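These notes concern the structure reproduced below.
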Amino acid sequence: MHDKVKKIGILTSGGDAPGMNAAIRAITRTAVHYGVRVYGIRRGFEGLFHADMTEFNPKSVSDTIHRGGTILLTARCAEMMNPEGVDKAAGFCRALKFDAIITIGGDGTARGALALSERGVSVFSIPATIDLDMPCTDYTIGFDTAVNTCMDAINKIRDTSSSHERVSVVEVMGRGAGHIALWCGMAGGAEEVLIPESAENMTAYDTVIEMIVENRSKGKKHNLILVAEGIAGGAQTLADMIQKSTGIESRASILGYLQRGGVPTALDRMHAAMFGLTAVERFLAGEANKMIIFKNGKYDTMNITDAVNATAQYDNKLYKAIKMLAV
Ligand code: F6P
């Protein structure tokens, strides 16, 4: 499969996601299994600039599979935003004699990897972000854990909301994407989900208010509205408007960073393990400059340029289904 000992570096970059440690573990143990030396680089691309890294062995990743966050630490590296910085980082990769760098993170991380590949560094990138906003793949590490964490919070909010007969407006993360909001909207039985992707679904605030009034007139005692963080004004503005115009007590809950932490679910650990293993095996099979993806039920690779440039085709089926079931 390979003739001489090779050396790879792993880094996690951008927002952390539950399951990143399971990916680091899988890369490390697969690499060692095949006789490849593996280095954990700290604080994302930052670590390249300072040669801040440690050689890993199978024991280095013991007792990490169930831990949220990333044992390698993460950062958003400003130097990778300019061409001179990327030149430097590529120079460090060469000086450190890495045969490949495996990055774990979201679209910003993949862009960093692509920039390194354009300067001759072999890269693989593993999709990891709670936002699920990478169109090249059907899954990104962390999404399932984040949705389940949100659901736990929403179930609790529902208890108090129904006891007080209030309107609850819950804001979830997702940057420019509404996947967490849609999944929580469906699984939490929300009456409305406000997401940034589609003008059609950007239900105006007064339409939401009319819907609440109508549902109350039909006997509904409490209401749950999901708002993705990309929506202007966010949950607090909407809750204030609802209370002001209907007189119904309304409360905003912004779930915030708790969504990014926690014990990764089995699904996240499974994908993380398979992404990590696939990255190392594809490297040893001679591939380079690839995004590791999960598409149509299979683990595969995609050219990193195509992966970074893939665009999302918004499909409003899930939104329509939520609306139908909310009646
Ligand atoms: O990409 C994950 C994410 O958690 C987004 O949902 C959110 O907008 C962003 O990261 C927050 O990033 P930061 O950690 O820089 O505040």
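Naming works like this for the structure tokens: A, B, ... for the chains as they're shown, residue 1 at the start of each chain, ligands 1 onward in shown order.
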- From a DSSP pass on the backbone, collect the residues of stretch 225-293 of chain A flagged as alpha helix (DSSP H) and hand them back as a ChimeraX atom specification. /A:234-246,266-284
- Item | Residue neighbourhood stretch 38-53 of chain A, 9 Å, only C-alpha atoms, exclusion window fewer than 3 positions, as number ranges by chain | A: 6-14, 24, 27-28, 31-32, 56-57, 71-80, 88-90, 92-93, 96, 103-104, 109, 112
Could those residues be written to a file, using C-alpha atoms, as an mmCIF file, in the first residue's frame?
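Generated output (out_9.cif):
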data_model
loop_
_atom_site.group_PDB
_atom_site.id
_atom_site.type_symbol
_atom_site.label_atom_id
_atom_site.label_comp_id
_atom_site.auth_asym_id
_atom_site.auth_seq_id
_atom_site.Cartn_x
_atom_site.Cartn_y
_atom_site.Cartn_z
ATOM 1 C CA LYS A 6 5.026 8.742 5.936
ATOM 2 C CA LYS A 7 4.159 11.646 8.194
ATOM 3 C CA ILE A 8 0.825 13.374 8.546
ATOM 4 C CA GLY A 9 -0.408 16.279 10.663
ATOM 5 C CA ILE A 10 -3.929 16.668 12.049
ATOM 6 C CA LEU A 11 -5.525 19.958 13.030
ATOM 7 C CA THR A 12 -8.973 21.134 14.092
ATOM 8 C CA SER A 13 -9.972 24.642 13.085
ATOM 9 C CA GLY A 14 -12.919 27.059 13.318
ATOM 10 C CA ILE A 24 -8.678 12.644 15.719
ATOM 11 C CA ILE A 27 -6.972 9.216 12.155
ATOM 12 C CA THR A 28 -4.293 8.542 14.753
ATOM 13 C CA ALA A 31 -2.276 5.956 10.697
ATOM 14 C CA VAL A 32 -0.327 4.068 13.357
ATOM 15 C CA PHE A 56 0.683 11.037 18.685
ATOM 16 C CA ASN A 57 0.514 7.334 19.423
ATOM 17 C CA ILE A 71 -8.187 17.930 22.423
ATOM 18 C CA LEU A 72 -6.107 19.746 19.773
ATOM 19 C CA LEU A 73 -7.727 23.102 20.608
ATOM 20 C CA THR A 74 -9.038 25.289 17.814
ATOM 21 C CA ALA A 75 -8.713 28.824 16.495
ATOM 22 C CA ARG A 76 -9.781 31.032 13.622
ATOM 23 C CA CYS A 77 -6.350 31.864 12.190
ATOM 24 C CA ALA A 78 -6.151 35.438 10.850
ATOM 25 C CA GLU A 79 -2.890 34.742 8.954
ATOM 26 C CA MET A 80 -4.661 32.153 6.769
ATOM 27 C CA LYS A 88 4.207 30.913 5.124
ATOM 28 C CA ALA A 89 1.974 28.093 6.384
ATOM 29 C CA ALA A 90 2.744 26.032 3.265
ATOM 30 C CA PHE A 92 6.149 25.398 7.410
ATOM 31 C CA CYS A 93 4.377 22.236 6.171
ATOM 32 C CA LEU A 96 8.188 20.033 8.870
ATOM 33 C CA THR A 103 -7.892 19.333 8.633
ATOM 34 C CA ILE A 104 -11.123 18.861 10.587
ATOM 35 C CA THR A 109 -11.213 25.179 7.453
ATOM 36 C CA GLY A 112 -7.625 26.965 4.393
#
- Task: Check every protein, DNA and RNA residue against ligand 1, keep those with an atom at most 10 Å away (counting only C-alpha atoms and all ligand atoms), and present them as a PyMOL selection string.
- Result: chain A and resi 14-17+74-76+105-108+128-133+142-143+146+172-178+180+228-230+256-261
- With only C-alpha atoms as the atoms that count, which of A:Asn303, A:Glu214, A:Asp206, A:His222 lies nearest to A:Lys244?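 That would be A:Asp206, the residue with the smallest distance to A:Lys244.
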- Message: DSSP on the backbone, strand (DSSP E or B) only: what residues of stretch 48-282 of chain A does that give? Format it as a PyMOL selection string.
- Response: chain A and resi 53-56+100-105+123-128+141+167-172+192-194+223-228+250-254
- Which polymer residues have any atom within 8 Å of an atom of stretch 159-169 of chain A, counting only C-alpha atoms, with same-chain residues fewer than 2 positions away left out, as a list in words? Asn155, Lys156, Ile157, Glu171, Lys221, His222, Asn223, Leu224, Ile225, Leu226, Val227, Ala235, Gln236, Leu238, Ala239, Ile248, Glu249, Ser250, Arg251, Ala252 and Ser253 of chain A
Written file, previous selection with N, CA and C atoms, as a PDB file, in the first residue's frame:
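Final file, result-v3.pdb:
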ATOM      1  N   ASN A 155     -37.447  20.746  25.025  1.00  0.00           N
ATOM      2  CA  ASN A 155     -38.411  19.974  25.838  1.00  0.00           C
ATOM      3  C   ASN A 155     -38.631  20.659  27.187  1.00  0.00           C
ATOM      4  N   LYS A 156     -37.546  21.163  27.756  1.00  0.00           N
ATOM      5  CA  LYS A 156     -37.648  21.830  29.070  1.00  0.00           C
ATOM      6  C   LYS A 156     -38.379  23.157  28.939  1.00  0.00           C
ATOM      7  N   ILE A 157     -38.056  23.886  27.882  1.00  0.00           N
ATOM      8  CA  ILE A 157     -38.726  25.178  27.652  1.00  0.00           C
ATOM      9  C   ILE A 157     -40.227  24.947  27.452  1.00  0.00           C
ATOM     10  N   GLU A 171     -34.089  30.581  19.858  1.00  0.00           N
ATOM     11  CA  GLU A 171     -33.098  30.861  18.807  1.00  0.00           C
ATOM     12  C   GLU A 171     -31.973  29.835  18.862  1.00  0.00           C
ATOM     13  N   LYS A 221     -52.821  26.591  23.899  1.00  0.00           N
ATOM     14  CA  LYS A 221     -52.481  27.229  25.185  1.00  0.00           C
ATOM     15  C   LYS A 221     -51.057  27.790  25.220  1.00  0.00           C
ATOM     16  N   HIS A 222     -50.217  27.295  24.356  1.00  0.00           N
ATOM     17  CA  HIS A 222     -48.845  27.820  24.305  1.00  0.00           C
ATOM     18  C   HIS A 222     -48.324  27.655  22.878  1.00  0.00           C
ATOM     19  N   ASN A 223     -47.267  28.393  22.573  1.00  0.00           N
ATOM     20  CA  ASN A 223     -46.761  28.348  21.197  1.00  0.00           C
ATOM     21  C   ASN A 223     -45.236  28.234  21.213  1.00  0.00           C
ATOM     22  N   LEU A 224     -44.717  27.509  20.229  1.00  0.00           N
ATOM     23  CA  LEU A 224     -43.261  27.371  20.086  1.00  0.00           C
ATOM     24  C   LEU A 224     -42.846  27.831  18.689  1.00  0.00           C
ATOM     25  N   ILE A 225     -41.959  28.824  18.665  1.00  0.00           N
ATOM     26  CA  ILE A 225     -41.436  29.341  17.396  1.00  0.00           C
ATOM     27  C   ILE A 225     -39.918  29.150  17.414  1.00  0.00           C
ATOM     28  N   LEU A 226     -39.371  28.592  16.327  1.00  0.00           N
ATOM     29  CA  LEU A 226     -37.928  28.411  16.211  1.00  0.00           C
ATOM     30  C   LEU A 226     -37.351  29.489  15.301  1.00  0.00           C
ATOM     31  N   VAL A 227     -36.250  30.088  15.721  1.00  0.00           N
ATOM     32  CA  VAL A 227     -35.609  31.127  14.910  1.00  0.00           C
ATOM     33  C   VAL A 227     -34.140  30.752  14.714  1.00  0.00           C
ATOM     34  N   ALA A 235     -34.468  36.181  18.182  1.00  0.00           N
ATOM     35  CA  ALA A 235     -35.605  35.735  19.001  1.00  0.00           C
ATOM     36  C   ALA A 235     -36.147  36.834  19.909  1.00  0.00           C
ATOM     37  N   GLN A 236     -35.245  37.650  20.465  1.00  0.00           N
ATOM     38  CA  GLN A 236     -35.710  38.653  21.441  1.00  0.00           C
ATOM     39  C   GLN A 236     -36.640  39.670  20.783  1.00  0.00           C
ATOM     40  N   LEU A 238     -38.475  39.306  18.125  1.00  0.00           N
ATOM     41  CA  LEU A 238     -39.750  38.682  17.788  1.00  0.00           C
ATOM     42  C   LEU A 238     -40.612  38.487  19.035  1.00  0.00           C
ATOM     43  N   ALA A 239     -40.009  38.014  20.124  1.00  0.00           N
ATOM     44  CA  ALA A 239     -40.778  37.796  21.370  1.00  0.00           C
ATOM     45  C   ALA A 239     -41.367  39.123  21.865  1.00  0.00           C
ATOM     46  N   ILE A 248     -50.004  38.533  24.842  1.00  0.00           N
ATOM     47  CA  ILE A 248     -49.682  37.205  25.375  1.00  0.00           C
ATOM     48  C   ILE A 248     -48.226  37.217  25.857  1.00  0.00           C
ATOM     49  N   GLU A 249     -47.993  36.724  27.062  1.00  0.00           N
ATOM     50  CA  GLU A 249     -46.626  36.694  27.593  1.00  0.00           C
ATOM     51  C   GLU A 249     -45.732  35.882  26.654  1.00  0.00           C
ATOM     52  N   SER A 250     -44.630  36.494  26.247  1.00  0.00           N
ATOM     53  CA  SER A 250     -43.732  35.830  25.292  1.00  0.00           C
ATOM     54  C   SER A 250     -42.308  35.913  25.811  1.00  0.00           C
ATOM     55  N   ARG A 251     -41.579  34.833  25.667  1.00  0.00           N
ATOM     56  CA  ARG A 251     -40.211  34.779  26.181  1.00  0.00           C
ATOM     57  C   ARG A 251     -39.268  34.262  25.100  1.00  0.00           C
ATOM     58  N   ALA A 252     -38.098  34.914  25.038  1.00  0.00           N
ATOM     59  CA  ALA A 252     -37.064  34.445  24.097  1.00  0.00           C
ATOM     60  C   ALA A 252     -36.040  33.604  24.850  1.00  0.00           C
ATOM     61  N   SER A 253     -35.606  32.521  24.249  1.00  0.00           N
ATOM     62  CA  SER A 253     -34.488  31.730  24.795  1.00  0.00           C
ATOM     63  C   SER A 253     -33.461  31.587  23.683  1.00  0.00           C
TER      64      SER A 253
END
